[in-house]
Amino acid sequence: MSTELSHDQFMRYSRHLLMDDIGEAGQQKLSQARVLIVGLGGLGCPVALYLAAAGVGQLSLCDPDHVELSNLQRQILYTDTDCGEHKVKCAERELSALNPHISISSYSSEISEELIDNQDIVVDCTDNLAARQLINSRCHNNKIGFVSASALGWEGQLMAFDFPAHSTLCLNCIIDKNSPEPMQNCSNSGVVGPVLGAMGSLQATTVIRMLLGYFQQHGEMQRYDGKAGRWLALAAKAKSDCLVCGEAG
Ligand SMILES: [Zn+2]
C-alpha cells in the first residue's frame, strides 16, 4: 500500500489533514484500518457512510436482509428502487461510489466468528442480543475493539470496549448472556429515524477515536434521550463472575 496520499486523496481528506491531532499520520492510520460493520440497518447506514467517507481502508459489511419499504424511513443508504435487493450489495455500490479509494467486502449472511477475526474493530449495529453476545465474546477473546449501539423509540445507547488494551469488563458484564431477548424492538415498537442517525454517528466517531488512539474509556456507556434532548455518560463496572471476561470465563 502506498504511504503517500495522492492529489485526489489530499483534497478528499483535507478537513482531516488540517487538524493537528489527525493530519497525514492519522489519515494513514485510517487508511490501514480494518473495520467490520454487522447490521446495515438504521445504525449501520450512517456508520458505513461516515467511515467510508473518512477513508477507513478496509470495510466489511455483514447483513443477511433485503431492503424493504418500511426500512426507508431511517436506513439512509437505500432508495425506493433498492427494495428487494440485498442490503449489503446496495450499500457496497453506494459506498464505492462515495469513496473509490477504499476496499469494501460484503457478506449477505448472518454474522460468524470467522468474519470477526482479523478485524481491528467490529461495530455492532444489529438488533438482537444473540449476535451482540457472539461479537462481544469473539472480540474479547481476540483483542479486537468493539463498539455497540442500539436504539428504540426516542432513545439510544452506546457501549464501547477497547479489548486490545483491557481484558476485564465486557458487554456481558452489563447485559448477561442468559437474559431473554427484549420484548420490544424497532419492528414492533417503532423508532425515530434521526435517533438512529445520532447513535450511528456516535459509533463512527468512537471508531475513529479508537483507530487514532484517543479512546481512553474502556466500557464507556452513553445514553441519548431524543425526546428530552439529553445525553448521559455512564461508566460500566466489570463483574468478577462474568462468563466472558471474569475468572470463570
Ligand atoms: Zn464481562
# chains A, B, ... in the order shown; residues from 1 in each chain; ligands from 1
$ select_by_dssp --residues "segment 88-168 of chain A" --states "strand (DSSP E)" --output "PyMOL selection string"
chain A and resi 103-107+121-124+145-152+155-161
$ write_last_selection --atoms "C-alpha atoms" --output "short mmCIF file (atom, residue, chain, number, x, y, z; two decimals), in the first residue's frame"
data_model
loop_
_atom_site.label_atom_id
_atom_site.label_comp_id
_atom_site.auth_asym_id
_atom_site.auth_seq_id
_atom_site.Cartn_x
_atom_site.Cartn_y
_atom_site.Cartn_z
CA SER A 103 -11.82 -1.65 -0.29
CA ILE A 104 -15.28 -2.99 0.61
CA SER A 105 -16.22 -6.63 1.22
CA SER A 106 -19.85 -7.59 1.66
CA TYR A 107 -21.41 -10.70 3.19
CA ILE A 121 -12.72 -3.01 15.25
CA VAL A 122 -16.17 -4.58 14.97
CA VAL A 123 -19.18 -2.24 15.01
CA ASP A 124 -22.34 -3.88 16.29
CA GLY A 145 -12.11 -3.24 19.52
CA PHE A 146 -15.90 -3.42 19.94
CA VAL A 147 -18.40 -0.58 19.51
CA SER A 148 -22.04 -1.48 20.11
CA ALA A 149 -25.21 0.60 19.93
CA SER A 150 -28.95 0.15 19.96
CA ALA A 151 -32.00 2.38 19.74
CA LEU A 152 -35.73 2.14 20.35
CA GLU A 155 -33.77 6.57 22.97
CA GLY A 156 -30.37 5.23 22.07
CA GLN A 157 -27.48 3.63 23.92
CA LEU A 158 -23.82 3.12 23.06
CA MET A 159 -21.21 0.88 24.70
CA ALA A 160 -17.58 0.71 23.64
CA PHE A 161 -14.76 -1.65 24.64
#
$ residues_around --residues "segment 30-40 of chain A" --least-positions-apart "3" --cutoff "8 Å" --atoms "only C-alpha atoms" --output "PDB file with N, CA and C atoms, in the first residue's frame"
ATOM      1  N   GLY A  26      -2.502  10.502  10.917  1.00  0.00           N
ATOM      2  CA  GLY A  26      -3.804   9.966  11.326  1.00  0.00           C
ATOM      3  C   GLY A  26      -4.564   9.412  10.135  1.00  0.00           C
ATOM      4  N   GLN A  27      -4.499  10.127   9.022  1.00  0.00           N
ATOM      5  CA  GLN A  27      -5.200   9.663   7.815  1.00  0.00           C
ATOM      6  C   GLN A  27      -4.631   8.321   7.347  1.00  0.00           C
ATOM      7  N   LEU A  43     -28.677   1.946  12.153  1.00  0.00           N
ATOM      8  CA  LEU A  43     -27.379   2.334  12.720  1.00  0.00           C
ATOM      9  C   LEU A  43     -26.262   2.111  11.702  1.00  0.00           C
ATOM     10  N   GLY A  44     -26.290   0.953  11.055  1.00  0.00           N
ATOM     11  CA  GLY A  44     -25.203   0.581  10.145  1.00  0.00           C
ATOM     12  C   GLY A  44     -25.064   1.529   8.960  1.00  0.00           C
ATOM     13  N   CYS A  45     -26.192   2.090   8.476  1.00  0.00           N
ATOM     14  CA  CYS A  45     -26.100   3.007   7.319  1.00  0.00           C
ATOM     15  C   CYS A  45     -25.246   4.241   7.629  1.00  0.00           C
ATOM     16  N   VAL A  47     -23.090   4.655  10.062  1.00  0.00           N
ATOM     17  CA  VAL A  47     -21.734   4.205  10.403  1.00  0.00           C
ATOM     18  C   VAL A  47     -20.938   3.969   9.122  1.00  0.00           C
ATOM     19  N   ALA A  48     -21.541   3.228   8.179  1.00  0.00           N
ATOM     20  CA  ALA A  48     -20.839   2.887   6.933  1.00  0.00           C
ATOM     21  C   ALA A  48     -20.547   4.135   6.099  1.00  0.00           C
ATOM     22  N   ALA A  54     -14.640   8.859   5.598  1.00  0.00           N
ATOM     23  CA  ALA A  54     -13.427   9.201   6.358  1.00  0.00           C
ATOM     24  C   ALA A  54     -12.187   8.508   5.811  1.00  0.00           C
ATOM     25  N   GLY A  55     -12.388   7.493   4.945  1.00  0.00           N
ATOM     26  CA  GLY A  55     -11.231   6.819   4.352  1.00  0.00           C
ATOM     27  C   GLY A  55     -10.741   5.618   5.127  1.00  0.00           C
ATOM     28  N   VAL A  56     -11.615   4.988   5.929  1.00  0.00           N
ATOM     29  CA  VAL A  56     -11.236   3.725   6.578  1.00  0.00           C
ATOM     30  C   VAL A  56     -10.987   2.705   5.461  1.00  0.00           C
ATOM     31  N   GLY A  57      -9.765   2.157   5.411  1.00  0.00           N
ATOM     32  CA  GLY A  57      -9.284   1.488   4.203  1.00  0.00           C
ATOM     33  C   GLY A  57      -9.954   0.190   3.831  1.00  0.00           C
ATOM     34  N   GLN A  58     -10.320  -0.636   4.841  1.00  0.00           N
ATOM     35  CA  GLN A  58     -10.945  -1.924   4.540  1.00  0.00           C
ATOM     36  C   GLN A  58     -12.221  -2.063   5.349  1.00  0.00           C
ATOM     37  N   LEU A  59     -13.334  -1.893   4.674  1.00  0.00           N
ATOM     38  CA  LEU A  59     -14.632  -2.011   5.327  1.00  0.00           C
ATOM     39  C   LEU A  59     -15.259  -3.339   4.944  1.00  0.00           C
ATOM     40  N   SER A  60     -15.745  -4.078   5.947  1.00  0.00           N
ATOM     41  CA  SER A  60     -16.520  -5.289   5.673  1.00  0.00           C
ATOM     42  C   SER A  60     -17.935  -5.058   6.169  1.00  0.00           C
ATOM     43  N   LEU A  61     -18.900  -5.514   5.374  1.00  0.00           N
ATOM     44  CA  LEU A  61     -20.313  -5.298   5.678  1.00  0.00           C
ATOM     45  C   LEU A  61     -21.005  -6.647   5.786  1.00  0.00           C
ATOM     46  N   CYS A  62     -21.788  -6.839   6.839  1.00  0.00           N
ATOM     47  CA  CYS A  62     -22.457  -8.130   7.021  1.00  0.00           C
ATOM     48  C   CYS A  62     -23.922  -7.914   7.392  1.00  0.00           C
ATOM     49  N   ASP A  63     -24.825  -8.453   6.578  1.00  0.00           N
ATOM     50  CA  ASP A  63     -26.265  -8.387   6.862  1.00  0.00           C
ATOM     51  C   ASP A  63     -26.972  -9.341   5.912  1.00  0.00           C
ATOM     52  N   GLN A  75     -33.178   4.089   7.060  1.00  0.00           N
ATOM     53  CA  GLN A  75     -31.952   3.431   6.593  1.00  0.00           C
ATOM     54  C   GLN A  75     -31.442   4.189   5.364  1.00  0.00           C
ATOM     55  N   LYS A  87     -29.260  -5.824   1.131  1.00  0.00           N
ATOM     56  CA  LYS A  87     -28.770  -4.564   1.711  1.00  0.00           C
ATOM     57  C   LYS A  87     -27.273  -4.375   1.482  1.00  0.00           C
ATOM     58  N   VAL A  88     -26.495  -5.439   1.704  1.00  0.00           N
ATOM     59  CA  VAL A  88     -25.036  -5.254   1.603  1.00  0.00           C
ATOM     60  C   VAL A  88     -24.610  -4.927   0.171  1.00  0.00           C
ATOM     61  N   ALA A  91     -25.479  -1.283  -0.348  1.00  0.00           N
ATOM     62  CA  ALA A  91     -24.560  -0.476   0.465  1.00  0.00           C
ATOM     63  C   ALA A  91     -23.187  -0.431  -0.196  1.00  0.00           C
ATOM     64  N   ILE A 102     -11.252   3.097  -1.153  1.00  0.00           N
ATOM     65  CA  ILE A 102     -11.273   2.090  -0.082  1.00  0.00           C
ATOM     66  C   ILE A 102     -11.717   0.742  -0.631  1.00  0.00           C
ATOM     67  N   ILE A 111     -23.879 -13.090  11.020  1.00  0.00           N
ATOM     68  CA  ILE A 111     -22.504 -12.934  11.489  1.00  0.00           C
ATOM     69  C   ILE A 111     -21.926 -14.290  11.914  1.00  0.00           C
ATOM     70  N   ILE A 116     -15.281 -12.106  12.166  1.00  0.00           N
ATOM     71  CA  ILE A 116     -14.811 -11.144  13.168  1.00  0.00           C
ATOM     72  C   ILE A 116     -13.282 -11.135  13.265  1.00  0.00           C
ATOM     73  N   ASN A 118      -9.357 -11.052  12.540  1.00  0.00           N
ATOM     74  CA  ASN A 118      -8.534 -10.206  11.669  1.00  0.00           C
ATOM     75  C   ASN A 118      -9.080  -8.801  11.438  1.00  0.00           C
ATOM     76  N   GLN A 119     -10.069  -8.391  12.237  1.00  0.00           N
ATOM     77  CA  GLN A 119     -10.524  -7.007  12.158  1.00  0.00           C
ATOM     78  C   GLN A 119      -9.805  -6.190  13.232  1.00  0.00           C
ATOM     79  N   ASP A 120      -9.717  -4.887  13.038  1.00  0.00           N
ATOM     80  CA  ASP A 120      -9.224  -4.021  14.112  1.00  0.00           C
ATOM     81  C   ASP A 120     -10.370  -3.651  15.053  1.00  0.00           C
ATOM     82  N   ILE A 121     -11.532  -3.390  14.460  1.00  0.00           N
ATOM     83  CA  ILE A 121     -12.717  -3.009  15.250  1.00  0.00           C
ATOM     84  C   ILE A 121     -13.952  -3.649  14.609  1.00  0.00           C
ATOM     85  N   VAL A 122     -14.862  -4.114  15.453  1.00  0.00           N
ATOM     86  CA  VAL A 122     -16.167  -4.578  14.967  1.00  0.00           C
ATOM     87  C   VAL A 122     -17.234  -3.622  15.516  1.00  0.00           C
ATOM     88  N   VAL A 123     -18.111  -3.157  14.620  1.00  0.00           N
ATOM     89  CA  VAL A 123     -19.180  -2.236  15.012  1.00  0.00           C
ATOM     90  C   VAL A 123     -20.487  -3.019  14.999  1.00  0.00           C
ATOM     91  N   ASP A 124     -21.092  -3.134  16.165  1.00  0.00           N
ATOM     92  CA  ASP A 124     -22.345  -3.880  16.293  1.00  0.00           C
ATOM     93  C   ASP A 124     -23.515  -2.945  16.030  1.00  0.00           C
ATOM     94  N   CYS A 125     -24.191  -3.183  14.898  1.00  0.00           N
ATOM     95  CA  CYS A 125     -25.379  -2.398  14.545  1.00  0.00           C
ATOM     96  C   CYS A 125     -26.558  -3.345  14.359  1.00  0.00           C
ATOM     97  N   THR A 126     -26.531  -4.465  15.075  1.00  0.00           N
ATOM     98  CA  THR A 126     -27.586  -5.464  14.940  1.00  0.00           C
ATOM     99  C   THR A 126     -28.757  -5.088  15.834  1.00  0.00           C
ATOM    100  N   ASP A 127     -29.815  -5.859  15.738  1.00  0.00           N
ATOM    101  CA  ASP A 127     -30.960  -5.608  16.610  1.00  0.00           C
ATOM    102  C   ASP A 127     -31.262  -6.836  17.456  1.00  0.00           C
ATOM    103  N   ILE A 208     -13.349   6.101  14.980  1.00  0.00           N
ATOM    104  CA  ILE A 208     -12.242   6.977  14.563  1.00  0.00           C
ATOM    105  C   ILE A 208     -11.355   7.310  15.775  1.00  0.00           C
ATOM    106  N   LEU A 211      -9.237   4.220  16.455  1.00  0.00           N
ATOM    107  CA  LEU A 211      -8.196   3.989  15.441  1.00  0.00           C
ATOM    108  C   LEU A 211      -7.055   4.988  15.593  1.00  0.00           C
ATOM    109  N   LEU A 212      -7.383   6.193  16.048  1.00  0.00           N
ATOM    110  CA  LEU A 212      -6.350   7.229  16.185  1.00  0.00           C
ATOM    111  C   LEU A 212      -5.692   7.216  17.560  1.00  0.00           C
TER     112      LEU A 212
END
$ atom_distance --atom1 "atom CA of Asp241 of chain A" --atom2 "atom CA of His166 of chain A"
16.5 Å
$ residues_near_ligand --ligand "ligand 1" --cutoff "9 Å" --atoms "only C-alpha atoms and all ligand atoms" --output "list in words"
Asn136, Ser137, His140, Ser167, Thr168, Leu169, Cys170, Leu171, Asn172, Cys173, Ile174, Ile175, Asp176, Lys237, Ala238, Lys239, Ser240, Asp241, Cys242, Leu243, Val244, Cys245, Gly246 and Gly249 of chain A
$ residues_around --residues "Phe215 of chain A" --least-positions-apart "6" --cutoff "8 Å" --atoms "only C-alpha atoms" --output "PyMOL selection string"
chain A and resi 162+206+209
$ write_last_selection --atoms "N, CA and C atoms" --output "mmCIF file, in the first residue's frame"
data_model
loop_
_atom_site.group_PDB
_atom_site.id
_atom_site.type_symbol
_atom_site.label_atom_id
_atom_site.label_comp_id
_atom_site.auth_asym_id
_atom_site.auth_seq_id
_atom_site.Cartn_x
_atom_site.Cartn_y
_atom_site.Cartn_z
ATOM 1 N N ASP A 162 -12.389 -1.332 24.574
ATOM 2 C CA ASP A 162 -11.050 -1.346 23.974
ATOM 3 C C ASP A 162 -10.356 -2.653 24.375
ATOM 4 N N THR A 206 -16.631 7.111 17.561
ATOM 5 C CA THR A 206 -15.901 6.264 18.518
ATOM 6 C C THR A 206 -14.885 5.379 17.798
ATOM 7 N N ARG A 209 -11.984 7.580 16.914
ATOM 8 C CA ARG A 209 -11.215 7.814 18.164
ATOM 9 C C ARG A 209 -10.317 6.631 18.479
#
$ closest_residue --among "A:Glu113, A:Val195, A:Ser108, A:His101" --to "Arg230 of chain A" --atoms "only C-alpha atoms"
A:Val195
$ select_by_dssp --residues "segment 171-238 of chain A" --states "alpha helix (DSSP H)" --output "MDAnalysis selection string"
chainID A and resid 171:174 186:189 193:212
$ write_last_selection --atoms "N, CA and C atoms" --output "compact mmCIF listing (two decimals), in the first residue's frame"
# COMPACT_ATOMS: atom_id res chain seq x y z
N LEU A 171 -19.38 -6.48 27.40
CA LEU A 171 -20.83 -6.28 27.28
C LEU A 171 -21.62 -7.26 28.14
N ASN A 172 -21.08 -8.49 28.29
CA ASN A 172 -21.77 -9.49 29.11
C ASN A 172 -21.79 -9.13 30.59
N CYS A 173 -20.87 -8.28 31.05
CA CYS A 173 -20.91 -7.79 32.44
C CYS A 173 -22.14 -6.90 32.64
N ILE A 174 -22.59 -6.27 31.56
CA ILE A 174 -23.69 -5.30 31.63
C ILE A 174 -25.03 -5.97 31.28
N CYS A 186 -37.48 -2.44 17.29
CA CYS A 186 -37.91 -1.41 16.33
C CYS A 186 -39.06 -1.91 15.47
N SER A 187 -39.09 -3.23 15.18
CA SER A 187 -40.12 -3.78 14.30
C SER A 187 -41.50 -3.75 14.94
N ASN A 188 -41.55 -3.94 16.28
CA ASN A 188 -42.88 -3.96 16.89
C ASN A 188 -43.20 -2.70 17.69
N SER A 189 -42.20 -1.85 17.96
CA SER A 189 -42.47 -0.68 18.79
C SER A 189 -42.08 0.65 18.15
N GLY A 193 -36.15 7.92 13.20
CA GLY A 193 -35.00 7.74 12.31
C GLY A 193 -33.74 8.47 12.75
N PRO A 194 -33.80 9.79 12.99
CA PRO A 194 -32.56 10.51 13.33
C PRO A 194 -31.96 10.12 14.67
N VAL A 195 -32.73 9.47 15.56
CA VAL A 195 -32.12 8.95 16.80
C VAL A 195 -31.11 7.87 16.42
N LEU A 196 -31.47 7.03 15.44
CA LEU A 196 -30.51 6.04 14.93
C LEU A 196 -29.32 6.74 14.29
N GLY A 197 -29.60 7.85 13.58
CA GLY A 197 -28.52 8.62 12.96
C GLY A 197 -27.56 9.17 14.00
N ALA A 198 -28.11 9.68 15.11
CA ALA A 198 -27.27 10.23 16.19
C ALA A 198 -26.39 9.12 16.77
N MET A 199 -26.99 7.96 17.02
CA MET A 199 -26.22 6.86 17.63
C MET A 199 -25.20 6.30 16.64
N GLY A 200 -25.59 6.19 15.37
CA GLY A 200 -24.65 5.70 14.35
C GLY A 200 -23.48 6.66 14.18
N SER A 201 -23.76 7.97 14.20
CA SER A 201 -22.68 8.96 14.10
C SER A 201 -21.74 8.85 15.29
N LEU A 202 -22.32 8.59 16.47
CA LEU A 202 -21.50 8.43 17.68
C LEU A 202 -20.64 7.17 17.58
N GLN A 203 -21.22 6.11 17.01
CA GLN A 203 -20.42 4.88 16.81
C GLN A 203 -19.25 5.16 15.85
N ALA A 204 -19.53 5.86 14.74
CA ALA A 204 -18.47 6.16 13.77
C ALA A 204 -17.39 7.03 14.41
N THR A 205 -17.81 8.01 15.21
CA THR A 205 -16.84 8.88 15.90
C THR A 205 -15.98 8.05 16.86
N THR A 206 -16.63 7.11 17.56
CA THR A 206 -15.90 6.26 18.52
C THR A 206 -14.89 5.38 17.80
N VAL A 207 -15.27 4.86 16.63
CA VAL A 207 -14.33 4.05 15.83
C VAL A 207 -13.12 4.89 15.44
N ILE A 208 -13.35 6.10 14.98
CA ILE A 208 -12.24 6.98 14.56
C ILE A 208 -11.36 7.31 15.77
N ARG A 209 -11.98 7.58 16.91
CA ARG A 209 -11.21 7.81 18.16
C ARG A 209 -10.32 6.63 18.48
N MET A 210 -10.89 5.42 18.40
CA MET A 210 -10.11 4.22 18.71
C MET A 210 -8.96 4.04 17.74
N LEU A 211 -9.24 4.22 16.46
CA LEU A 211 -8.20 3.99 15.44
C LEU A 211 -7.05 4.99 15.59
N LEU A 212 -7.38 6.19 16.05
CA LEU A 212 -6.35 7.23 16.18
C LEU A 212 -5.69 7.22 17.56
